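Worksheet: the structure to be examined is printed underneath.
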Amino acid sequence: MKLTTKQLTFCALLTAMALALSYLENLFPLTLAIPIPGVKLGLANIVTVFALYALGPGEALLILLARCLLGSLFAGNMNTLVFSLLGGLCALGAMVLLSRRRGLSVYGVSVGGAAAHNCGQTAAAVWTLGSAAPLYYLPVLLAVSLLTGALTGLASACLFQGLRHTDLMKG
């Protein structure tokens with residue numbers, strides 16, 4: 001995949017936005033409103049959804065990989081990289097497949113991505129802990145992903161609506 005200077009600049013801007021949203025999300029823990037450990041809105045996923053639809057899966061993957069790596073480096077915790085990568089790659093994979101389904105809205109794609117992200121992070125927990133115990137927590141996370149995925153889907157839909165008059169959206 002060969003990117004033009006404009007595409008590369010746009011990918012860098014979206015990566016910075018995803019990092020900023022991820023950092024912002026860490027300042028306001030969702031566990032204050034929903035007392036379930038590890039639950040996050042997944043605000044950076046708004047950028048992933050946007051990149052998938054506006055740029056395509058290849059560029060969305062590059063942005064996701066850069067965000068995961070840089071986010072772990074900036075946080076000073078490379079242990080989170082496995083969780084971030086597995087969750088993000090599962091989410092993006094599911095969203096790519098779901099976005100190709102006729103009649104499925106960005107809400108459905110986002111909810112599917114949120115659920116897949118939770119599955120990926122649970123797999124990372126099983127792998128790093130060497131125990132199947134985290135699987136017992138997965139149904140709770142999947143239930144919460146209906147809410148968080150719908151909220152990020154709503155934010156993405158609003159973003160698409162606001163940018164419909166620009167040339168940022170492909171085809």
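Letters A, B, ... go to the chains of the structure tokens in the order shown; residues in each chain start at 1; ligands are counted from 1 in the same order.
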Taking the DSSP assignment computed from this structure's backbone, write out as a PDB file with N, CA and C atoms, in the first residue's frame all residues of stretch 15-99 of chain A that belong to alpha helix (DSSP H).
ATOM      1  N   THR A  15      -4.274   9.335  13.950  1.00  0.00           N
ATOM      2  CA  THR A  15      -3.555   8.624  15.011  1.00  0.00           C
ATOM      3  C   THR A  15      -3.425   9.520  16.240  1.00  0.00           C
ATOM      4  N   ALA A  16      -3.070  10.785  16.020  1.00  0.00           N
ATOM      5  CA  ALA A  16      -2.954  11.730  17.135  1.00  0.00           C
ATOM      6  C   ALA A  16      -4.307  11.922  17.824  1.00  0.00           C
ATOM      7  N   MET A  17      -5.367  11.988  17.038  1.00  0.00           N
ATOM      8  CA  MET A  17      -6.707  12.145  17.620  1.00  0.00           C
ATOM      9  C   MET A  17      -7.078  10.925  18.457  1.00  0.00           C
ATOM     10  N   ALA A  18      -6.768   9.730  17.950  1.00  0.00           N
ATOM     11  CA  ALA A  18      -7.074   8.503  18.690  1.00  0.00           C
ATOM     12  C   ALA A  18      -6.287   8.453  19.993  1.00  0.00           C
ATOM     13  N   LEU A  19      -5.019   8.857  19.954  1.00  0.00           N
ATOM     14  CA  LEU A  19      -4.205   8.892  21.175  1.00  0.00           C
ATOM     15  C   LEU A  19      -4.772   9.894  22.178  1.00  0.00           C
ATOM     16  N   ALA A  20      -5.188  11.055  21.682  1.00  0.00           N
ATOM     17  CA  ALA A  20      -5.754  12.073  22.571  1.00  0.00           C
ATOM     18  C   ALA A  20      -7.056  11.586  23.199  1.00  0.00           C
ATOM     19  N   LEU A  21      -7.911  10.938  22.414  1.00  0.00           N
ATOM     20  CA  LEU A  21      -9.174  10.409  22.950  1.00  0.00           C
ATOM     21  C   LEU A  21      -8.912   9.317  23.982  1.00  0.00           C
ATOM     22  N   SER A  22      -7.936   8.479  23.715  1.00  0.00           N
ATOM     23  CA  SER A  22      -7.587   7.414  24.658  1.00  0.00           C
ATOM     24  C   SER A  22      -7.069   8.005  25.968  1.00  0.00           C
ATOM     25  N   TYR A  23      -6.223   9.010  25.866  1.00  0.00           N
ATOM     26  CA  TYR A  23      -5.700   9.675  27.061  1.00  0.00           C
ATOM     27  C   TYR A  23      -6.831  10.360  27.830  1.00  0.00           C
ATOM     28  N   LEU A  24      -7.688  11.064  27.105  1.00  0.00           N
ATOM     29  CA  LEU A  24      -8.820  11.754  27.725  1.00  0.00           C
ATOM     30  C   LEU A  24      -9.722  10.774  28.458  1.00  0.00           C
ATOM     31  N   GLU A  25      -9.947   9.631  27.849  1.00  0.00           N
ATOM     32  CA  GLU A  25     -10.800   8.613  28.453  1.00  0.00           C
ATOM     33  C   GLU A  25     -10.223   8.109  29.778  1.00  0.00           C
ATOM     34  N   ASN A  26      -8.906   8.047  29.859  1.00  0.00           N
ATOM     35  CA  ASN A  26      -8.265   7.586  31.096  1.00  0.00           C
ATOM     36  C   ASN A  26      -8.395   8.596  32.226  1.00  0.00           C
ATOM     37  N   LEU A  27      -8.649   9.860  31.887  1.00  0.00           N
ATOM     38  CA  LEU A  27      -8.819  10.890  32.918  1.00  0.00           C
ATOM     39  C   LEU A  27     -10.169  10.781  33.618  1.00  0.00           C
ATOM     40  N   ALA A  44     -11.386   5.960  21.377  1.00  0.00           N
ATOM     41  CA  ALA A  44     -10.457   5.862  20.246  1.00  0.00           C
ATOM     42  C   ALA A  44     -11.057   5.028  19.115  1.00  0.00           C
ATOM     43  N   ASN A  45     -12.028   4.199  19.452  1.00  0.00           N
ATOM     44  CA  ASN A  45     -12.687   3.387  18.432  1.00  0.00           C
ATOM     45  C   ASN A  45     -13.468   4.254  17.442  1.00  0.00           C
ATOM     46  N   ILE A  46     -13.870   5.454  17.848  1.00  0.00           N
ATOM     47  CA  ILE A  46     -14.541   6.378  16.929  1.00  0.00           C
ATOM     48  C   ILE A  46     -13.609   6.669  15.756  1.00  0.00           C
ATOM     49  N   VAL A  47     -12.340   6.873  16.045  1.00  0.00           N
ATOM     50  CA  VAL A  47     -11.359   7.142  14.995  1.00  0.00           C
ATOM     51  C   VAL A  47     -11.181   5.912  14.106  1.00  0.00           C
ATOM     52  N   THR A  48     -11.169   4.728  14.711  1.00  0.00           N
ATOM     53  CA  THR A  48     -11.019   3.509  13.925  1.00  0.00           C
ATOM     54  C   THR A  48     -12.203   3.320  12.977  1.00  0.00           C
ATOM     55  N   VAL A  49     -13.404   3.540  13.476  1.00  0.00           N
ATOM     56  CA  VAL A  49     -14.604   3.429  12.629  1.00  0.00           C
ATOM     57  C   VAL A  49     -14.537   4.460  11.504  1.00  0.00           C
ATOM     58  N   PHE A  50     -14.192   5.683  11.845  1.00  0.00           N
ATOM     59  CA  PHE A  50     -14.096   6.730  10.834  1.00  0.00           C
ATOM     60  C   PHE A  50     -13.067   6.359   9.773  1.00  0.00           C
ATOM     61  N   ALA A  51     -11.877   5.934  10.214  1.00  0.00           N
ATOM     62  CA  ALA A  51     -10.813   5.580   9.272  1.00  0.00           C
ATOM     63  C   ALA A  51     -11.234   4.418   8.370  1.00  0.00           C
ATOM     64  N   LEU A  52     -11.939   3.450   8.933  1.00  0.00           N
ATOM     65  CA  LEU A  52     -12.402   2.309   8.139  1.00  0.00           C
ATOM     66  C   LEU A  52     -13.297   2.774   7.001  1.00  0.00           C
ATOM     67  N   TYR A  53     -14.249   3.635   7.305  1.00  0.00           N
ATOM     68  CA  TYR A  53     -15.189   4.099   6.293  1.00  0.00           C
ATOM     69  C   TYR A  53     -14.602   5.175   5.377  1.00  0.00           C
ATOM     70  N   ALA A  54     -13.782   6.069   5.927  1.00  0.00           N
ATOM     71  CA  ALA A  54     -13.270   7.193   5.149  1.00  0.00           C
ATOM     72  C   ALA A  54     -12.040   6.829   4.323  1.00  0.00           C
ATOM     73  N   PRO A  57      -9.732  -0.260   5.041  1.00  0.00           N
ATOM     74  CA  PRO A  57      -9.190  -1.118   6.098  1.00  0.00           C
ATOM     75  C   PRO A  57      -7.675  -1.045   6.263  1.00  0.00           C
ATOM     76  N   GLY A  58      -6.936  -0.852   5.185  1.00  0.00           N
ATOM     77  CA  GLY A  58      -5.474  -0.794   5.294  1.00  0.00           C
ATOM     78  C   GLY A  58      -5.010   0.381   6.123  1.00  0.00           C
ATOM     79  N   GLU A  59      -5.545   1.539   5.824  1.00  0.00           N
ATOM     80  CA  GLU A  59      -5.177   2.737   6.565  1.00  0.00           C
ATOM     81  C   GLU A  59      -5.693   2.672   8.001  1.00  0.00           C
ATOM     82  N   ALA A  60      -6.887   2.117   8.191  1.00  0.00           N
ATOM     83  CA  ALA A  60      -7.421   1.956   9.550  1.00  0.00           C
ATOM     84  C   ALA A  60      -6.497   1.057  10.365  1.00  0.00           C
ATOM     85  N   LEU A  61      -5.952   0.030   9.743  1.00  0.00           N
ATOM     86  CA  LEU A  61      -5.018  -0.870  10.428  1.00  0.00           C
ATOM     87  C   LEU A  61      -3.736  -0.130  10.823  1.00  0.00           C
ATOM     88  N   LEU A  62      -3.194   0.667   9.909  1.00  0.00           N
ATOM     89  CA  LEU A  62      -1.985   1.435  10.232  1.00  0.00           C
ATOM     90  C   LEU A  62      -2.211   2.375  11.407  1.00  0.00           C
ATOM     91  N   ILE A  63      -3.356   3.056  11.412  1.00  0.00           N
ATOM     92  CA  ILE A  63      -3.690   3.975  12.500  1.00  0.00           C
ATOM     93  C   ILE A  63      -3.835   3.214  13.812  1.00  0.00           C
ATOM     94  N   LEU A  64      -4.510   2.072  13.761  1.00  0.00           N
ATOM     95  CA  LEU A  64      -4.700   1.248  14.960  1.00  0.00           C
ATOM     96  C   LEU A  64      -3.361   0.778  15.522  1.00  0.00           C
ATOM     97  N   LEU A  65      -2.485   0.270  14.655  1.00  0.00           N
ATOM     98  CA  LEU A  65      -1.183  -0.222  15.115  1.00  0.00           C
ATOM     99  C   LEU A  65      -0.351   0.903  15.725  1.00  0.00           C
ATOM    100  N   ALA A  66      -0.345   2.061  15.074  1.00  0.00           N
ATOM    101  CA  ALA A  66       0.411   3.201  15.597  1.00  0.00           C
ATOM    102  C   ALA A  66      -0.161   3.651  16.939  1.00  0.00           C
ATOM    103  N   ARG A  67      -1.494   3.701  17.036  1.00  0.00           N
ATOM    104  CA  ARG A  67      -2.118   4.121  18.297  1.00  0.00           C
ATOM    105  C   ARG A  67      -1.781   3.157  19.430  1.00  0.00           C
ATOM    106  N   CYS A  68      -1.866   1.872  19.170  1.00  0.00           N
ATOM    107  CA  CYS A  68      -1.574   0.879  20.216  1.00  0.00           C
ATOM    108  C   CYS A  68      -0.121   0.972  20.680  1.00  0.00           C
ATOM    109  N   LEU A  69       0.795   1.041  19.736  1.00  0.00           N
ATOM    110  CA  LEU A  69       2.216   1.096  20.090  1.00  0.00           C
ATOM    111  C   LEU A  69       2.551   2.399  20.811  1.00  0.00           C
ATOM    112  N   LEU A  70       2.132   3.529  20.246  1.00  0.00           N
ATOM    113  CA  LEU A  70       2.439   4.814  20.865  1.00  0.00           C
ATOM    114  C   LEU A  70       1.727   4.981  22.206  1.00  0.00           C
ATOM    115  N   GLY A  71       0.509   4.505  22.302  1.00  0.00           N
ATOM    116  CA  GLY A  71      -0.226   4.593  23.561  1.00  0.00           C
ATOM    117  C   GLY A  71       0.482   3.832  24.671  1.00  0.00           C
ATOM    118  N   SER A  72       0.994   2.654  24.353  1.00  0.00           N
ATOM    119  CA  SER A  72       1.729   1.865  25.351  1.00  0.00           C
ATOM    120  C   SER A  72       3.041   2.541  25.726  1.00  0.00           C
ATOM    121  N   LEU A  73       3.725   3.101  24.730  1.00  0.00           N
ATOM    122  CA  LEU A  73       4.976   3.808  25.006  1.00  0.00           C
ATOM    123  C   LEU A  73       4.743   5.036  25.870  1.00  0.00           C
ATOM    124  N   PHE A  74       3.740   5.843  25.520  1.00  0.00           N
ATOM    125  CA  PHE A  74       3.455   7.066  26.277  1.00  0.00           C
ATOM    126  C   PHE A  74       3.003   6.759  27.697  1.00  0.00           C
ATOM    127  N   ALA A  75       2.272   5.663  27.858  1.00  0.00           N
ATOM    128  CA  ALA A  75       1.803   5.281  29.193  1.00  0.00           C
ATOM    129  C   ALA A  75       2.935   4.677  30.026  1.00  0.00           C
ATOM    130  N   THR A  80       0.631  -3.382  28.514  1.00  0.00           N
ATOM    131  CA  THR A  80      -0.703  -3.121  27.961  1.00  0.00           C
ATOM    132  C   THR A  80      -0.745  -3.326  26.452  1.00  0.00           C
ATOM    133  N   LEU A  81       0.410  -3.418  25.816  1.00  0.00           N
ATOM    134  CA  LEU A  81       0.453  -3.553  24.357  1.00  0.00           C
ATOM    135  C   LEU A  81      -0.261  -4.811  23.884  1.00  0.00           C
ATOM    136  N   VAL A  82      -0.066  -5.917  24.574  1.00  0.00           N
ATOM    137  CA  VAL A  82      -0.722  -7.173  24.177  1.00  0.00           C
ATOM    138  C   VAL A  82      -2.241  -7.023  24.239  1.00  0.00           C
ATOM    139  N   PHE A  83      -2.737  -6.423  25.314  1.00  0.00           N
ATOM    140  CA  PHE A  83      -4.184  -6.234  25.472  1.00  0.00           C
ATOM    141  C   PHE A  83      -4.726  -5.284  24.411  1.00  0.00           C
ATOM    142  N   SER A  84      -4.007  -4.198  24.197  1.00  0.00           N
ATOM    143  CA  SER A  84      -4.427  -3.192  23.235  1.00  0.00           C
ATOM    144  C   SER A  84      -4.423  -3.753  21.812  1.00  0.00           C
ATOM    145  N   LEU A  85      -3.360  -4.446  21.458  1.00  0.00           N
ATOM    146  CA  LEU A  85      -3.258  -5.011  20.107  1.00  0.00           C
ATOM    147  C   LEU A  85      -4.294  -6.097  19.854  1.00  0.00           C
ATOM    148  N   LEU A  86      -4.411  -7.043  20.776  1.00  0.00           N
ATOM    149  CA  LEU A  86      -5.382  -8.120  20.559  1.00  0.00           C
ATOM    150  C   LEU A  86      -6.810  -7.593  20.508  1.00  0.00           C
ATOM    151  N   GLY A  87      -7.133  -6.690  21.419  1.00  0.00           N
ATOM    152  CA  GLY A  87      -8.469  -6.097  21.404  1.00  0.00           C
ATOM    153  C   GLY A  87      -8.715  -5.296  20.133  1.00  0.00           C
ATOM    154  N   GLY A  88      -7.762  -4.448  19.777  1.00  0.00           N
ATOM    155  CA  GLY A  88      -7.905  -3.595  18.603  1.00  0.00           C
ATOM    156  C   GLY A  88      -7.963  -4.371  17.300  1.00  0.00           C
ATOM    157  N   LEU A  89      -7.101  -5.378  17.156  1.00  0.00           N
ATOM    158  CA  LEU A  89      -7.092  -6.172  15.921  1.00  0.00           C
ATOM    159  C   LEU A  89      -8.373  -6.993  15.776  1.00  0.00           C
ATOM    160  N   CYS A  90      -8.850  -7.542  16.874  1.00  0.00           N
ATOM    161  CA  CYS A  90     -10.125  -8.277  16.820  1.00  0.00           C
ATOM    162  C   CYS A  90     -11.268  -7.333  16.455  1.00  0.00           C
ATOM    163  N   ALA A  91     -11.266  -6.149  17.057  1.00  0.00           N
ATOM    164  CA  ALA A  91     -12.324  -5.167  16.781  1.00  0.00           C
ATOM    165  C   ALA A  91     -12.288  -4.746  15.317  1.00  0.00           C
ATOM    166  N   LEU A  92     -11.114  -4.398  14.829  1.00  0.00           N
ATOM    167  CA  LEU A  92     -11.011  -3.952  13.434  1.00  0.00           C
ATOM    168  C   LEU A  92     -11.393  -5.076  12.473  1.00  0.00           C
ATOM    169  N   GLY A  93     -10.932  -6.284  12.748  1.00  0.00           N
ATOM    170  CA  GLY A  93     -11.296  -7.419  11.887  1.00  0.00           C
ATOM    171  C   GLY A  93     -12.797  -7.625  11.812  1.00  0.00           C
ATOM    172  N   ALA A  94     -13.440  -7.570  12.971  1.00  0.00           N
ATOM    173  CA  ALA A  94     -14.896  -7.731  12.994  1.00  0.00           C
ATOM    174  C   ALA A  94     -15.580  -6.583  12.260  1.00  0.00           C
ATOM    175  N   MET A  95     -15.095  -5.358  12.462  1.00  0.00           N
ATOM    176  CA  MET A  95     -15.730  -4.208  11.818  1.00  0.00           C
ATOM    177  C   MET A  95     -15.545  -4.227  10.303  1.00  0.00           C
ATOM    178  N   VAL A  96     -14.390  -4.698   9.837  1.00  0.00           N
ATOM    179  CA  VAL A  96     -14.184  -4.821   8.385  1.00  0.00           C
ATOM    180  C   VAL A  96     -15.212  -5.794   7.803  1.00  0.00           C
ATOM    181  N   LEU A  97     -15.363  -6.937   8.447  1.00  0.00           N
ATOM    182  CA  LEU A  97     -16.331  -7.934   7.957  1.00  0.00           C
ATOM    183  C   LEU A  97     -17.766  -7.414   8.043  1.00  0.00           C
ATOM    184  N   LEU A  98     -18.104  -6.799   9.164  1.00  0.00           N
ATOM    185  CA  LEU A  98     -19.471  -6.304   9.348  1.00  0.00           C
ATOM    186  C   LEU A  98     -19.802  -5.131   8.432  1.00  0.00           C
ATOM    187  N   SER A  99     -18.809  -4.288   8.127  1.00  0.00           N
ATOM    188  CA  SER A  99     -19.062  -3.127   7.270  1.00  0.00           C
ATOM    189  C   SER A  99     -19.387  -3.547   5.838  1.00  0.00           C
TER     190      SER A  99
END
Please, which residues in stretch 113-160 of chain A fall within 9 Å of stretch 28-43 of chain A when counting only C-alpha atoms, and what is the closest atom pair and distance in Å to one decimal for each, ordered by chain then residue number, as a Markdown table?
| residue | atom | partner | partner_atom | distance |
| --- | --- | --- | --- | --- |
| A:Ala114 | CA | A:Gly42 | CA | 7.8 |
| A:Val140 | CA | A:Ile36 | CA | 8.5 |
| A:Leu141 | CA | A:Val39 | CA | 7.3 |
| A:Val144 | CA | A:Val39 | CA | 7.7 |
| A:Ser145 | CA | A:Leu41 | CA | 8.5 |
| A:Leu147 | CA | A:Leu41 | CA | 8.6 |
| A:Thr148 | CA | A:Leu41 | CA | 5.1 |
| A:Gly149 | CA | A:Leu41 | CA | 7.8 |
| A:Leu151 | CA | A:Leu41 | CA | 7.8 |
| A:Thr152 | CA | A:Leu43 | CA | 6.5 |
| A:Ala155 | CA | A:Leu43 | CA | 8.9 |
Saved selection, atoms kept: C-alpha atoms, as an mmCIF file, in the first residue's frame:
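Once written, result10.cif looks like this:
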data_model
loop_
_atom_site.group_PDB
_atom_site.id
_atom_site.type_symbol
_atom_site.label_atom_id
_atom_site.label_comp_id
_atom_site.auth_asym_id
_atom_site.auth_seq_id
_atom_site.Cartn_x
_atom_site.Cartn_y
_atom_site.Cartn_z
ATOM 1 C CA ALA A 114 -16.816 -3.368 20.787
ATOM 2 C CA VAL A 140 -20.498 -9.051 31.547
ATOM 3 C CA LEU A 141 -18.110 -7.308 29.160
ATOM 4 C CA VAL A 144 -21.575 -3.643 28.399
ATOM 5 C CA SER A 145 -20.250 -3.618 24.816
ATOM 6 C CA LEU A 147 -23.923 0.185 25.357
ATOM 7 C CA THR A 148 -20.373 1.313 24.651
ATOM 8 C CA GLY A 149 -20.513 0.180 21.028
ATOM 9 C CA LEU A 151 -22.379 5.184 21.992
ATOM 10 C CA THR A 152 -19.258 5.108 19.822
ATOM 11 C CA ALA A 155 -20.529 9.501 17.827
#
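Note that the spacing between atom CA of A:Leu8 and atom CA of A:Ser156 amounts to 21.4 Å.
In terms of minimum interatomic distance to A:Ala115, A:Ala143 ranks closest within A:Ala12, A:Ala143, A:Leu135, A:Ala157, counting only C-alpha atoms.
Proximity of A:Gln7, A:Ser105, A:Gln161, A:Asn79 to A:Thr128, computed with only C-alpha atoms, is greatest for A:Asn79.
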